[in-house]
Structures are given as structure tokens and as C-alpha cells.
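Peer 1: Next up, input21.pdb (PDB, C-alpha atoms and all ligand atoms).
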MODEL        1
ATOM      1  CA  MET A   1      17.426  30.253 -11.786
ATOM      2  CA  HIS A   2      18.362  29.971  -8.115
ATOM      3  CA  ASN A   3      20.389  27.014  -6.952
ATOM      4  CA  ARG A   4      19.405  27.221  -3.323
ATOM      5  CA  SER A   5      15.878  27.209  -1.936
ATOM      6  CA  ALA A   6      14.877  29.581   0.812
ATOM      7  CA  ALA A   7      14.284  28.144   4.289
ATOM      8  CA  ILE A   8      10.682  27.119   4.897
ATOM      9  CA  THR A   9       8.768  29.718   6.913
ATOM     10  CA  PRO A  10       6.302  28.609   9.636
ATOM     11  CA  ALA A  11       3.380  29.895   7.524
ATOM     12  CA  GLU A  12       4.539  27.936   4.450
ATOM     13  CA  TYR A  13       5.008  24.807   6.535
ATOM     14  CA  ASP A  14       1.492  25.093   8.011
ATOM     15  CA  SER A  15      -0.054  25.604   4.558
ATOM     16  CA  PHE A  16       1.862  22.630   3.176
ATOM     17  CA  LYS A  17       0.769  20.405   6.089
ATOM     18  CA  LEU A  18      -2.843  21.349   5.408
ATOM     19  CA  PHE A  19      -2.469  20.712   1.663
ATOM     20  CA  LEU A  20      -0.951  17.256   2.241
ATOM     21  CA  GLN A  21      -3.551  16.224   4.795
ATOM     22  CA  GLN A  22      -6.406  17.294   2.547
ATOM     23  CA  ALA A  23      -4.884  15.700  -0.558
ATOM     24  CA  CYS A  24      -4.015  12.275   0.834
ATOM     25  CA  GLY A  25      -4.562  12.138   4.598
ATOM     26  CA  ILE A  26      -0.848  12.184   5.460
ATOM     27  CA  LEU A  27      -0.236  14.073   8.709
ATOM     28  CA  LEU A  28       3.097  15.843   8.913
ATOM     29  CA  GLY A  29       4.319  16.358  12.457
ATOM     30  CA  ASN A  30       5.998  19.502  13.665
ATOM     31  CA  GLY A  31       9.648  20.039  12.878
ATOM     32  CA  LYS A  32       9.738  17.979   9.669
ATOM     33  CA  GLU A  33      10.807  20.891   7.478
ATOM     34  CA  TYR A  34      14.066  19.078   6.615
ATOM     35  CA  LEU A  35      12.047  16.096   5.306
ATOM     36  CA  VAL A  36       9.862  18.312   3.121
ATOM     37  CA  SER A  37      12.919  20.156   1.758
ATOM     38  CA  SER A  38      14.832  17.011   0.931
ATOM     39  CA  ARG A  39      11.871  15.228  -0.676
ATOM     40  CA  LEU A  40      10.816  18.218  -2.770
ATOM     41  CA  SER A  41      14.204  19.630  -3.727
ATOM     42  CA  ASN A  42      14.404  17.933  -7.158
ATOM     43  CA  ILE A  43      10.862  18.957  -8.076
ATOM     44  CA  MET A  44      11.536  22.542  -7.005
ATOM     45  CA  LYS A  45      14.681  22.602  -9.132
ATOM     46  CA  ASP A  46      12.773  21.192 -12.129
ATOM     47  CA  VAL A  47       9.983  23.764 -11.963
ATOM     48  CA  GLN A  48      12.401  26.532 -10.997
ATOM     49  CA  VAL A  49      10.807  27.730  -7.793
ATOM     50  CA  ASP A  50      12.893  28.585  -4.769
ATOM     51  CA  SER A  51      10.342  28.509  -1.966
ATOM     52  CA  LEU A  52       7.745  26.079  -0.672
ATOM     53  CA  GLY A  53       5.187  28.895  -0.825
ATOM     54  CA  ALA A  54       5.814  29.346  -4.560
ATOM     55  CA  LEU A  55       5.492  25.583  -5.151
ATOM     56  CA  LEU A  56       2.215  25.485  -3.208
ATOM     57  CA  LYS A  57       0.866  28.356  -5.269
ATOM     58  CA  LEU A  58       1.790  26.520  -8.456
ATOM     59  CA  ILE A  59       0.082  23.255  -7.489
ATOM     60  CA  GLN A  60      -3.182  25.041  -6.612
ATOM     61  CA  SER A  61      -3.596  25.750 -10.319
ATOM     62  CA  PRO A  62      -5.791  23.170 -12.130
ATOM     63  CA  ALA A  63      -3.312  23.235 -15.027
ATOM     64  CA  GLN A  64      -0.659  21.781 -12.682
ATOM     65  CA  SER A  65      -2.435  18.571 -11.701
ATOM     66  CA  ARG A  66       0.590  16.474 -12.802
ATOM     67  CA  LEU A  67       2.861  18.497 -10.585
ATOM     68  CA  LYS A  68       0.454  18.009  -7.676
ATOM     69  CA  VAL A  69       0.649  14.216  -8.230
ATOM     70  CA  GLN A  70       4.472  14.426  -8.265
ATOM     71  CA  VAL A  71       4.486  16.344  -4.981
ATOM     72  CA  ILE A  72       2.198  13.782  -3.313
ATOM     73  CA  ASP A  73       4.335  10.959  -4.760
ATOM     74  CA  ALA A  74       7.449  12.528  -3.289
ATOM     75  CA  MET A  75       5.855  12.844   0.155
ATOM     76  CA  THR A  76       4.754   9.193   0.430
ATOM     77  CA  THR A  77       6.956   6.669   2.230
ATOM     78  CA  ASN A  78       7.074   3.537   0.103
ATOM     79  CA  GLU A  79       9.218   1.311   2.315
ATOM     80  CA  THR A  80       8.313  -2.340   1.774
ATOM     81  CA  PHE A  81       9.955  -5.744   1.386
ATOM     82  CA  TRP A  82       9.144  -9.340   0.540
ATOM     83  CA  PHE A  83       7.154 -11.372   3.050
ATOM     84  CA  ARG A  84       7.038  -8.449   5.513
ATOM     85  CA  ASP A  85       5.325  -9.665   8.702
ATOM     86  CA  ILE A  86       5.681 -13.294   7.650
ATOM     87  CA  GLY A  87       3.081 -14.412  10.238
ATOM     88  CA  HIS A  88       0.361 -12.810   8.080
ATOM     89  CA  TYR A  89       1.283 -14.956   5.087
ATOM     90  CA  ILE A  90       1.418 -18.118   7.185
ATOM     91  CA  LEU A  91      -2.045 -17.287   8.564
ATOM     92  CA  LEU A  92      -3.298 -16.707   5.027
ATOM     93  CA  LYS A  93      -2.020 -20.054   3.800
ATOM     94  CA  ASP A  94      -2.730 -22.241   6.824
ATOM     95  CA  THR A  95      -5.984 -20.771   8.148
ATOM     96  CA  ILE A  96      -7.673 -18.176   5.956
ATOM     97  CA  LEU A  97      -7.474 -19.758   2.485
ATOM     98  CA  PRO A  98      -8.605 -23.170   3.849
ATOM     99  CA  ASP A  99     -11.483 -21.401   5.652
ATOM    100  CA  LEU A 100     -12.543 -19.467   2.534
ATOM    101  CA  ASN A 101     -12.285 -22.627   0.448
ATOM    102  CA  GLN A 102     -14.898 -24.283   2.607
ATOM    103  CA  GLN A 103     -17.326 -21.563   1.565
ATOM    104  CA  ARG A 104     -18.958 -21.735  -1.832
ATOM    105  CA  GLY A 105     -18.398 -19.113  -4.437
ATOM    106  CA  GLY A 106     -16.327 -17.983  -7.383
ATOM    107  CA  SER A 107     -12.964 -16.333  -6.930
ATOM    108  CA  ILE A 108     -11.609 -15.363  -3.524
ATOM    109  CA  ARG A 109     -11.051 -11.589  -3.720
ATOM    110  CA  ILE A 110      -8.136  -9.998  -1.848
ATOM    111  CA  TRP A 111      -7.305  -6.269  -1.722
ATOM    112  CA  SER A 112      -3.774  -5.004  -1.094
ATOM    113  CA  ALA A 113      -4.786  -1.459  -0.181
ATOM    114  CA  ALA A 114      -1.408   0.327  -0.111
ATOM    115  CA  CYS A 115       0.649  -1.998  -2.252
ATOM    116  CA  SER A 116       3.742   0.187  -2.788
ATOM    117  CA  SER A 117       6.074  -1.393  -5.377
ATOM    118  CA  GLY A 118       4.156  -4.678  -5.504
ATOM    119  CA  GLN A 119       5.910  -6.969  -3.021
ATOM    120  CA  GLU A 120       2.745  -7.380  -0.891
ATOM    121  CA  PRO A 121       0.272  -8.351  -3.674
ATOM    122  CA  TYR A 122       2.843 -10.589  -5.407
ATOM    123  CA  ASN A 123       3.536 -12.316  -2.074
ATOM    124  CA  ILE A 124      -0.211 -12.926  -1.678
ATOM    125  CA  SER A 125      -0.232 -14.424  -5.173
ATOM    126  CA  MET A 126       2.786 -16.629  -4.334
ATOM    127  CA  ILE A 127       0.940 -17.912  -1.257
ATOM    128  CA  ALA A 128      -2.175 -18.562  -3.355
ATOM    129  CA  ASP A 129       0.009 -20.428  -5.830
ATOM    130  CA  GLU A 130       1.452 -22.640  -3.120
ATOM    131  CA  TYR A 131      -1.978 -23.271  -1.634
ATOM    132  CA  GLN A 132      -3.413 -24.185  -5.018
ATOM    133  CA  GLY A 133      -0.462 -26.534  -5.536
ATOM    134  CA  LEU A 134      -1.574 -28.380  -2.398
ATOM    135  CA  LYS A 135      -5.281 -28.301  -3.142
ATOM    136  CA  ALA A 136      -6.207 -28.666  -6.796
ATOM    137  CA  SER A 137      -9.888 -27.846  -6.187
ATOM    138  CA  ALA A 138      -9.081 -24.523  -4.452
ATOM    139  CA  ARG A 139     -11.091 -21.483  -5.505
ATOM    140  CA  PRO A 140      -9.148 -19.111  -7.762
ATOM    141  CA  VAL A 141      -7.704 -16.011  -6.092
ATOM    142  CA  GLN A 142      -7.932 -12.495  -7.553
ATOM    143  CA  ILE A 143      -5.870  -9.680  -6.060
ATOM    144  CA  SER A 144      -6.651  -5.965  -6.486
ATOM    145  CA  ALA A 145      -3.625  -3.859  -5.618
ATOM    146  CA  THR A 146      -3.906  -0.098  -5.157
ATOM    147  CA  ASP A 147      -1.735   2.806  -4.068
ATOM    148  CA  ILE A 148      -1.851   6.588  -4.365
ATOM    149  CA  SER A 149       1.674   6.849  -5.795
ATOM    150  CA  SER A 150       1.856   6.485  -9.566
ATOM    151  CA  LYS A 151       5.616   5.977  -9.376
ATOM    152  CA  VAL A 152       5.388   2.832  -7.235
ATOM    153  CA  LEU A 153       2.401   1.557  -9.214
ATOM    154  CA  ASP A 154       4.509   1.699 -12.408
ATOM    155  CA  GLU A 155       7.265  -0.301 -10.711
ATOM    156  CA  ALA A 156       4.724  -2.751  -9.308
ATOM    157  CA  SER A 157       3.062  -3.452 -12.652
ATOM    158  CA  ALA A 158       6.441  -3.950 -14.332
ATOM    159  CA  GLY A 159       7.222  -6.590 -11.675
ATOM    160  CA  VAL A 160      10.983  -6.356 -12.234
ATOM    161  CA  TYR A 161      13.213  -6.112  -9.156
ATOM    162  CA  CYS A 162      16.943  -5.483  -8.965
ATOM    163  CA  GLY A 163      19.686  -5.501  -6.315
ATOM    164  CA  LEU A 164      18.518  -4.774  -2.782
ATOM    165  CA  ALA A 165      14.849  -4.936  -3.793
ATOM    166  CA  VAL A 166      15.364  -8.644  -4.567
ATOM    167  CA  GLU A 167      17.510  -9.425  -1.572
ATOM    168  CA  ARG A 168      15.172  -7.948   1.034
ATOM    169  CA  GLY A 169      13.123 -10.933   2.148
ATOM    170  CA  LEU A 170      13.478 -13.524  -0.638
ATOM    171  CA  THR A 171      15.319 -16.821  -0.256
ATOM    172  CA  HIS A 172      17.221 -18.215  -3.255
ATOM    173  CA  GLU A 173      14.612 -20.929  -3.500
ATOM    174  CA  GLN A 174      11.792 -18.349  -3.730
ATOM    175  CA  GLN A 175      13.777 -16.372  -6.318
ATOM    176  CA  LYS A 176      14.032 -19.480  -8.498
ATOM    177  CA  LYS A 177      10.444 -20.565  -7.967
ATOM    178  CA  PHE A 178       8.617 -17.278  -8.560
ATOM    179  CA  PHE A 179      10.920 -15.196 -10.819
ATOM    180  CA  THR A 180      12.717 -15.387 -14.136
ATOM    181  CA  PRO A 181      16.054 -13.633 -14.710
ATOM    182  CA  LYS A 182      15.830 -10.412 -16.703
ATOM    183  CA  GLU A 183      19.219  -8.892 -17.506
ATOM    184  CA  ARG A 184      20.778  -8.429 -14.031
ATOM    185  CA  CYS A 185      17.364  -8.361 -12.342
ATOM    186  CA  LEU A 186      14.457 -10.723 -11.643
ATOM    187  CA  GLU A 187      10.957 -10.560 -13.118
ATOM    188  CA  VAL A 188       7.881 -11.999 -11.398
ATOM    189  CA  LYS A 189       6.673 -15.048 -13.362
ATOM    190  CA  PRO A 190       3.519 -14.566 -15.479
ATOM    191  CA  GLU A 191       1.528 -17.115 -13.446
ATOM    192  CA  ILE A 192       2.126 -15.001 -10.308
ATOM    193  CA  LYS A 193       1.464 -11.700 -12.098
ATOM    194  CA  ARG A 194      -1.774 -12.801 -13.669
ATOM    195  CA  ARG A 195      -3.722 -12.900 -10.387
ATOM    196  CA  VAL A 196      -2.854  -9.273  -9.619
ATOM    197  CA  SER A 197      -4.359  -6.109 -11.110
ATOM    198  CA  PHE A 198      -2.994  -2.687 -10.175
ATOM    199  CA  ARG A 199      -4.789   0.647 -10.095
ATOM    200  CA  SER A 200      -4.487   4.018  -8.484
ATOM    201  CA  LEU A 201      -6.662   4.688  -5.434
ATOM    202  CA  ASN A 202      -6.489   7.328  -2.724
ATOM    203  CA  LEU A 203      -7.631   5.679   0.524
ATOM    204  CA  THR A 204      -9.389   8.894   1.506
ATOM    205  CA  SER A 205     -11.744   8.527  -1.505
ATOM    206  CA  SER A 206     -14.723   6.199  -2.101
ATOM    207  CA  TYR A 207     -14.302   2.394  -2.292
ATOM    208  CA  GLN A 208     -17.621   1.979  -4.109
ATOM    209  CA  ALA A 209     -16.056   0.822  -7.379
ATOM    210  CA  MET A 210     -13.872  -1.783  -5.665
ATOM    211  CA  GLY A 211     -16.597  -4.388  -5.105
ATOM    212  CA  LYS A 212     -16.585  -6.838  -2.178
ATOM    213  CA  PHE A 213     -13.559  -8.619  -0.701
ATOM    214  CA  ASP A 214     -12.819 -11.679   1.412
ATOM    215  CA  VAL A 215      -9.502 -10.347   2.721
ATOM    216  CA  ILE A 216      -8.027  -6.839   2.937
ATOM    217  CA  PHE A 217      -4.352  -6.086   3.564
ATOM    218  CA  CYS A 218      -4.081  -2.502   4.836
ATOM    219  CA  ARG A 219      -0.605  -2.621   6.303
ATOM    220  CA  ASN A 220       1.799   0.108   7.329
ATOM    221  CA  VAL A 221      -0.209   2.979   5.885
ATOM    222  CA  LEU A 222      -2.722   3.970   8.595
ATOM    223  CA  ILE A 223       0.229   5.135  10.716
ATOM    224  CA  TYR A 224       0.480   8.236   8.519
ATOM    225  CA  PHE A 225      -3.140   9.311   9.130
ATOM    226  CA  SER A 226      -5.150  11.028  11.889
ATOM    227  CA  ASN A 227      -7.204   8.845  14.256
ATOM    228  CA  GLU A 228     -10.377  10.179  12.704
ATOM    229  CA  LEU A 229      -9.260   9.128   9.211
ATOM    230  CA  LYS A 230      -8.025   5.731  10.461
ATOM    231  CA  LYS A 231     -11.488   5.076  11.944
ATOM    232  CA  ASP A 232     -13.227   6.153   8.748
ATOM    233  CA  ILE A 233     -11.000   3.933   6.559
ATOM    234  CA  VAL A 234     -11.354   0.844   8.765
ATOM    235  CA  ASP A 235     -15.126   1.356   8.907
ATOM    236  CA  ARG A 236     -15.441   1.680   5.136
ATOM    237  CA  MET A 237     -13.237  -1.395   4.665
ATOM    238  CA  ALA A 238     -15.535  -3.334   7.010
ATOM    239  CA  ASN A 239     -18.452  -2.267   4.782
ATOM    240  CA  ILE A 240     -16.925  -3.899   1.710
ATOM    241  CA  LEU A 241     -15.764  -7.118   3.385
ATOM    242  CA  ASN A 242     -17.886 -10.212   2.840
ATOM    243  CA  PRO A 243     -19.384 -11.664   6.049
ATOM    244  CA  GLY A 244     -16.599 -13.222   8.129
ATOM    245  CA  GLY A 245     -13.949 -11.525   5.958
ATOM    246  CA  TYR A 246     -10.456 -10.758   7.246
ATOM    247  CA  LEU A 247      -8.445  -7.563   7.672
ATOM    248  CA  PHE A 248      -4.686  -7.330   8.186
ATOM    249  CA  LEU A 249      -2.971  -4.246   9.612
ATOM    250  CA  GLY A 250       0.795  -3.760   9.993
ATOM    251  CA  SER A 251       2.269  -5.619  12.961
ATOM    252  CA  THR A 252       2.922  -2.339  14.814
ATOM    253  CA  GLU A 253      -0.612  -1.021  14.137
ATOM    254  CA  SER A 254      -3.572  -1.681  16.389
ATOM    255  CA  ILE A 255      -7.294  -1.784  15.730
ATOM    256  CA  ASN A 256      -8.119  -0.922  19.375
ATOM    257  CA  GLN A 257      -9.711   2.523  19.613
ATOM    258  CA  LEU A 258     -10.689   2.382  15.918
ATOM    259  CA  THR A 259     -13.669   0.012  15.750
ATOM    260  CA  ASN A 260     -15.386  -2.905  17.484
ATOM    261  CA  ARG A 261     -16.619  -4.494  14.256
ATOM    262  CA  PHE A 262     -13.783  -7.080  14.203
ATOM    263  CA  GLU A 263     -12.616  -9.886  16.452
ATOM    264  CA  MET A 264      -8.920 -10.496  16.834
ATOM    265  CA  LYS A 265      -7.556 -13.858  15.626
ATOM    266  CA  VAL A 266      -4.063 -14.740  16.757
ATOM    267  CA  GLY A 267      -2.020 -17.588  15.361
ATOM    268  CA  HIS A 268       1.143 -18.583  13.510
ATOM    269  CA  GLY A 269       2.928 -15.506  14.851
ATOM    270  CA  GLY A 270       0.455 -13.121  13.231
ATOM    271  CA  ILE A 271      -2.769 -11.271  13.989
ATOM    272  CA  SER A 272      -5.751 -10.958  11.681
ATOM    273  CA  TYR A 273      -9.071  -9.227  12.359
ATOM    274  CA  ARG A 274     -12.234 -11.057  11.409
ATOM    275  CA  LEU A 275     -15.418  -9.149  10.634
ATOM    276  CA  LYS A 276     -18.056  -9.946  13.266
ATOM    277  CA  SER A 277     -21.374 -11.171  11.914
TER     278      SER A 277
HETATM  279  C1  LIG B   1       5.087   2.056   3.948
HETATM  280  S1  LIG B   1       4.255   1.632   2.458
HETATM  281  C2  LIG B   1       3.492   0.098   2.903
HETATM  282  C3  LIG B   1       3.545  -0.924   1.785
HETATM  283  C4  LIG B   1       3.024  -2.318   2.140
HETATM  284  N1  LIG B   1       1.620  -2.276   2.470
HETATM  285  C5  LIG B   1       3.819  -2.931   3.256
HETATM  286  O1  LIG B   1       3.290  -3.092   4.363
HETATM  287  O2  LIG B   1       4.997  -3.256   3.057
HETATM  288  C6  LIG B   1       2.878   2.787   2.507
HETATM  289  C7  LIG B   1       2.216   2.978   1.157
HETATM  290  O3  LIG B   1       1.006   3.724   1.382
HETATM  291  C8  LIG B   1       0.797   4.567   0.274
HETATM  292  N2  LIG B   1      -0.137   5.644   0.646
HETATM  293  C9  LIG B   1       0.082   6.727   1.440
HETATM  294  N3  LIG B   1      -1.018   7.493   1.521
HETATM  295  C10 LIG B   1      -1.963   6.873   0.755
HETATM  296  C11 LIG B   1      -3.324   7.181   0.447
HETATM  297  N4  LIG B   1      -3.934   8.279   0.911
HETATM  298  N5  LIG B   1      -3.994   6.341  -0.375
HETATM  299  C12 LIG B   1      -3.390   5.226  -0.860
HETATM  300  N6  LIG B   1      -2.107   4.887  -0.605
HETATM  301  C13 LIG B   1      -1.409   5.700   0.210
HETATM  302  C14 LIG B   1       2.206   5.050  -0.079
HETATM  303  O4  LIG B   1       2.275   5.522  -1.409
HETATM  304  C15 LIG B   1       3.040   3.805   0.178
HETATM  305  O5  LIG B   1       3.270   3.078  -1.005
ENDMDL
END
What's the C-alpha cells form of this structure?
Ligand SMILES: C[S@@+](CC[C@H](N)C(=O)[O-])C[C@H]1O[C@@H](n2cnc3c(N)ncnc32)[C@H](O)[C@@H]1O

Peer 2:
Amino acid sequence: MHNRSAAITPAEYDSFKLFLQQACGILLGNGKEYLVSSRLSNIMKDVQVDSLGALLKLIQSPAQSRLKVQVIDAMTTNETFWFRDIGHYILLKDTILPDLNQQRGGSIRIWSAACSSGQEPYNISMIADEYQGLKASARPVQISATDISSKVLDEASAGVYCGLAVERGLTHEQQKKFFTPKERCLEVKPEIKRRVSFRSLNLTSSYQAMGKFDVIFCRNVLIYFSNELKKDIVDRMANILNPGGYLFLGSTESINQLTNRFEMKVGHGGISYRLKS
């Protein structure tokens, strides 16, 4: 077995870029060979290949579908934290949930479309919990949380957070209110977990089986995709939003140039996009 991998050749890099874009939409820019090497080095050691070309060859084989999943997992950026873009959560609690509660119907359905390790969908559930505490007759809230990475989905469904993952964004009061201690870590309380169901979904694939939603959180993921794919995703999300439903993008992402099916709503330090009727 070799301990050192060979440098990535331009042809290998181009083939890998194409593979990644076709598999999950992620666009790798030029000159990111170091990123690919560092993210794939453990996998390459495990499967005993010493070049990116050899790894690519291996994952083309149908018998290596698990390895392909591991490679995609390794190439995703899962950065997240509690109450990221706090303005979105304030908007949800102060404007959107009251608005949806004026409409008739069963559960309010919310989709966290690139949920990473679960902070986003659990935060939505915490907000729903607080809203329901204020308004006993509020409609129940159901949250579907999806991601392409099986590794983060496992962490998300466990709902146990340790060290820095707890500290990033949670006050002590929130830690006490929404978590129970588990060894040296914190576990999301069952009443917060029970609103959330996790499953694997590649945003480049069909949303047919997802049903209809009142609110979609699609934050900090479109940045990795081509403009063409961004447009396609936003359009297909609009198709599965109920009339007047809301879409959230990351605070550094813009809907301009992607679609004119939404109107921008600004308030409480956040922006939401409301589906035009
Ligand atoms: C930077 S995180 C954003 C997490 C969270 N939405 C937030 O704003 O904090 C991006 C997530 O998108 C996921 N992702 C990347 N490509 C995807 C795809 N094609 N389908 C579904 N999820 C994808 C990654 O696995 C990662 O967990």
C-alpha cells in the first residue's frame, strides 16, 4: 500500500468535477485540488488507491455504491449552527405562523431542505413550541428535514450535541429549555424531536414524494450549484408550496435572477419570499 497519493492531474480533476456536478449539483471551481485531496485522503487510504483517477474508476462500478455515497458525503460542506440568521426565526414566530394559523387546515408543513446535522429543523420545532405555548389553539407543525449526506442525517436524527456544537448559537436558557443532559453532551427533548422527521433527499432529484408545504427553508445550499440548477430547484420548490407559502434562502443568497414567482417580504431583520398567487 502507498502512503502518499499522487498529485491530481488536470484530466482527473476535470473528470471529478463532472462526476460531482452530475451526482449532486455541487460545482467545484478551478484550483480546488487541495480541497479534494484533503477531503478524500482518508477514503483513499481506506480503499487503498493512490490517485483520484483510480478512485473515480472504482466509484463508477455499481458494486461500489456505498463508496460513491462516502465520496459525496466527504465533498459536502455541512457548516451550520443554532439559530443561524436569527431574523428568519423571528419572522417565522411573529409573522408567518400567526398568518398560517389564520388559515384553516390540519398541520402546518415545513421543509428544511438541506438540514445538515439538524440544528435548522430543531430550531424550527423550538419556535413552533414557543408559538404553541402562546397560542393553545395553534395548528400543529410538522417538519420534514432532508439532506444528501447520510453522515449528517445520522447525527441529526440522534439529536445529541457536544462541545462546540452546543455552544454555537444556544443561550444557557435555551439549553435548559430544549435539551436534557446526556453524559457530557445535550440531547434534544422528545417534544422538540417529535415534530421532525429526517430522510435522505438529493435536491437535484424529484420532490414528488414530499407532498405540499407551507414553508420551505432552503438556506446556504444553493450557493454550491450552477445558476441553471438554482433556477430549477427554486421553481420546483414553488410548485410544491401551498398558495401564499413562504421560502427562506440563506441571508447571503438572493432570489433575483432566479425566478419572479415570489414577492420579497422584509421584516424583523430577515427576508422571506412569499409565493405570488
Ligand atoms: C452549509 S450546509 C447548510 C445547513 C443549513 N441549511 C444552514 O443554513 O445552516 C449545506 C448542506 O447542504 C447539503 N447538500 C449539498 N448538496 C446537496 C444536494 N444536492 N441535495 C441535498 N443536500 C445537499 C450538505 O450535505 C449540507 O449539509

Peer 1: Which polymer residues have any atom within 9 Å of an atom of stretch 68-81 of chain A, counting only C-alpha atoms, with same-chain residues fewer than 6 positions away left out, as a PyMOL selection string?

Peer 2: chain A and resi 20+23-24+26+35-36+39-40+43+56+58-60+115-120+148-152+165-170+220-221

Peer 1: Using the chain letters and numbers from this file, what does the PyMOL selection byres (((chain A and resi 275) around 10) and not hetatm) select? Give the answer as a count of residues only.

Peer 2: 21

Peer 1: Mind checking which residues fall within 12 Å of A:Arg219, counting only C-alpha atoms, ignoring those fewer than 3 positions away in the same chain, and posting them as a ChimeraX atom specification?

Peer 2: /A:78-80,84-85,88,111-116,120-121,147,216,222-224,230,234,247-255,271-272

Peer 1: At what distance in Å, to one decimal, does atom CA of A:Lys93 lie from atom CA of A:Gln208?

Peer 2: 28.1 Å

Peer 1: Between A:Gln22, A:Thr180, A:Thr9, A:Gln175, which residue has the minimum interatomic distance to ligand LIG 1 (chain B), considering only C-alpha atoms and all ligand atoms?

Peer 2: A:Gln22

Peer 1: What is the distance, in Å and to one decimal place, between atom CA of A:Ile108 and atom C5 of ligand LIG 1 (chain B)?

Peer 2: 20.9 Å

Peer 1: How would stretch 111-127 of chain A read, as a PDB file, keeping the file's coordinate frame, once N, CA and C atoms are built in?

Peer 2:
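New file selection22.pdb:
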ATOM      1  N   TRP A 111      -7.719  -7.642  -1.394  1.00  0.00           N
ATOM      2  CA  TRP A 111      -7.305  -6.269  -1.722  1.00  0.00           C
ATOM      3  C   TRP A 111      -6.023  -5.929  -0.961  1.00  0.00           C
ATOM      4  N   SER A 112      -4.994  -5.541  -1.695  1.00  0.00           N
ATOM      5  CA  SER A 112      -3.774  -5.004  -1.094  1.00  0.00           C
ATOM      6  C   SER A 112      -3.891  -3.484  -1.227  1.00  0.00           C
ATOM      7  N   ALA A 113      -4.246  -2.822  -0.095  1.00  0.00           N
ATOM      8  CA  ALA A 113      -4.786  -1.459  -0.181  1.00  0.00           C
ATOM      9  C   ALA A 113      -3.742  -0.346  -0.186  1.00  0.00           C
ATOM     10  N   ALA A 114      -2.488  -0.679   0.034  1.00  0.00           N
ATOM     11  CA  ALA A 114      -1.408   0.327  -0.111  1.00  0.00           C
ATOM     12  C   ALA A 114      -0.198  -0.491  -0.513  1.00  0.00           C
ATOM     13  N   CYS A 115      -0.192  -0.870  -1.799  1.00  0.00           N
ATOM     14  CA  CYS A 115       0.649  -1.998  -2.252  1.00  0.00           C
ATOM     15  C   CYS A 115       2.088  -1.610  -2.507  1.00  0.00           C
ATOM     16  N   SER A 116       2.390  -0.290  -2.498  1.00  0.00           N
ATOM     17  CA  SER A 116       3.742   0.187  -2.788  1.00  0.00           C
ATOM     18  C   SER A 116       4.254  -0.457  -4.085  1.00  0.00           C
ATOM     19  N   SER A 117       5.501  -0.911  -4.112  1.00  0.00           N
ATOM     20  CA  SER A 117       6.074  -1.393  -5.377  1.00  0.00           C
ATOM     21  C   SER A 117       5.727  -2.848  -5.705  1.00  0.00           C
ATOM     22  N   GLY A 118       4.721  -3.411  -5.048  1.00  0.00           N
ATOM     23  CA  GLY A 118       4.156  -4.678  -5.504  1.00  0.00           C
ATOM     24  C   GLY A 118       4.530  -5.911  -4.694  1.00  0.00           C
ATOM     25  N   GLN A 119       5.479  -5.780  -3.771  1.00  0.00           N
ATOM     26  CA  GLN A 119       5.910  -6.969  -3.021  1.00  0.00           C
ATOM     27  C   GLN A 119       4.729  -7.629  -2.308  1.00  0.00           C
ATOM     28  N   GLU A 120       3.862  -6.813  -1.667  1.00  0.00           N
ATOM     29  CA  GLU A 120       2.745  -7.380  -0.891  1.00  0.00           C
ATOM     30  C   GLU A 120       1.757  -8.172  -1.789  1.00  0.00           C
ATOM     31  N   PRO A 121       1.214  -7.569  -2.859  1.00  0.00           N
ATOM     32  CA  PRO A 121       0.272  -8.351  -3.674  1.00  0.00           C
ATOM     33  C   PRO A 121       0.921  -9.554  -4.357  1.00  0.00           C
ATOM     34  N   TYR A 122       2.194  -9.417  -4.790  1.00  0.00           N
ATOM     35  CA  TYR A 122       2.843 -10.589  -5.407  1.00  0.00           C
ATOM     36  C   TYR A 122       3.067 -11.677  -4.365  1.00  0.00           C
ATOM     37  N   ASN A 123       3.397 -11.303  -3.129  1.00  0.00           N
ATOM     38  CA  ASN A 123       3.536 -12.316  -2.074  1.00  0.00           C
ATOM     39  C   ASN A 123       2.210 -13.037  -1.846  1.00  0.00           C
ATOM     40  N   ILE A 124       1.106 -12.290  -1.870  1.00  0.00           N
ATOM     41  CA  ILE A 124      -0.211 -12.926  -1.678  1.00  0.00           C
ATOM     42  C   ILE A 124      -0.438 -13.937  -2.816  1.00  0.00           C
ATOM     43  N   SER A 125      -0.055 -13.533  -4.024  1.00  0.00           N
ATOM     44  CA  SER A 125      -0.232 -14.424  -5.173  1.00  0.00           C
ATOM     45  C   SER A 125       0.667 -15.662  -5.047  1.00  0.00           C
ATOM     46  N   MET A 126       1.877 -15.481  -4.522  1.00  0.00           N
ATOM     47  CA  MET A 126       2.786 -16.629  -4.334  1.00  0.00           C
ATOM     48  C   MET A 126       2.184 -17.616  -3.330  1.00  0.00           C
ATOM     49  N   ILE A 127       1.572 -17.057  -2.267  1.00  0.00           N
ATOM     50  CA  ILE A 127       0.940 -17.912  -1.257  1.00  0.00           C
ATOM     51  C   ILE A 127      -0.259 -18.651  -1.876  1.00  0.00           C
TER      52      ILE A 127
END
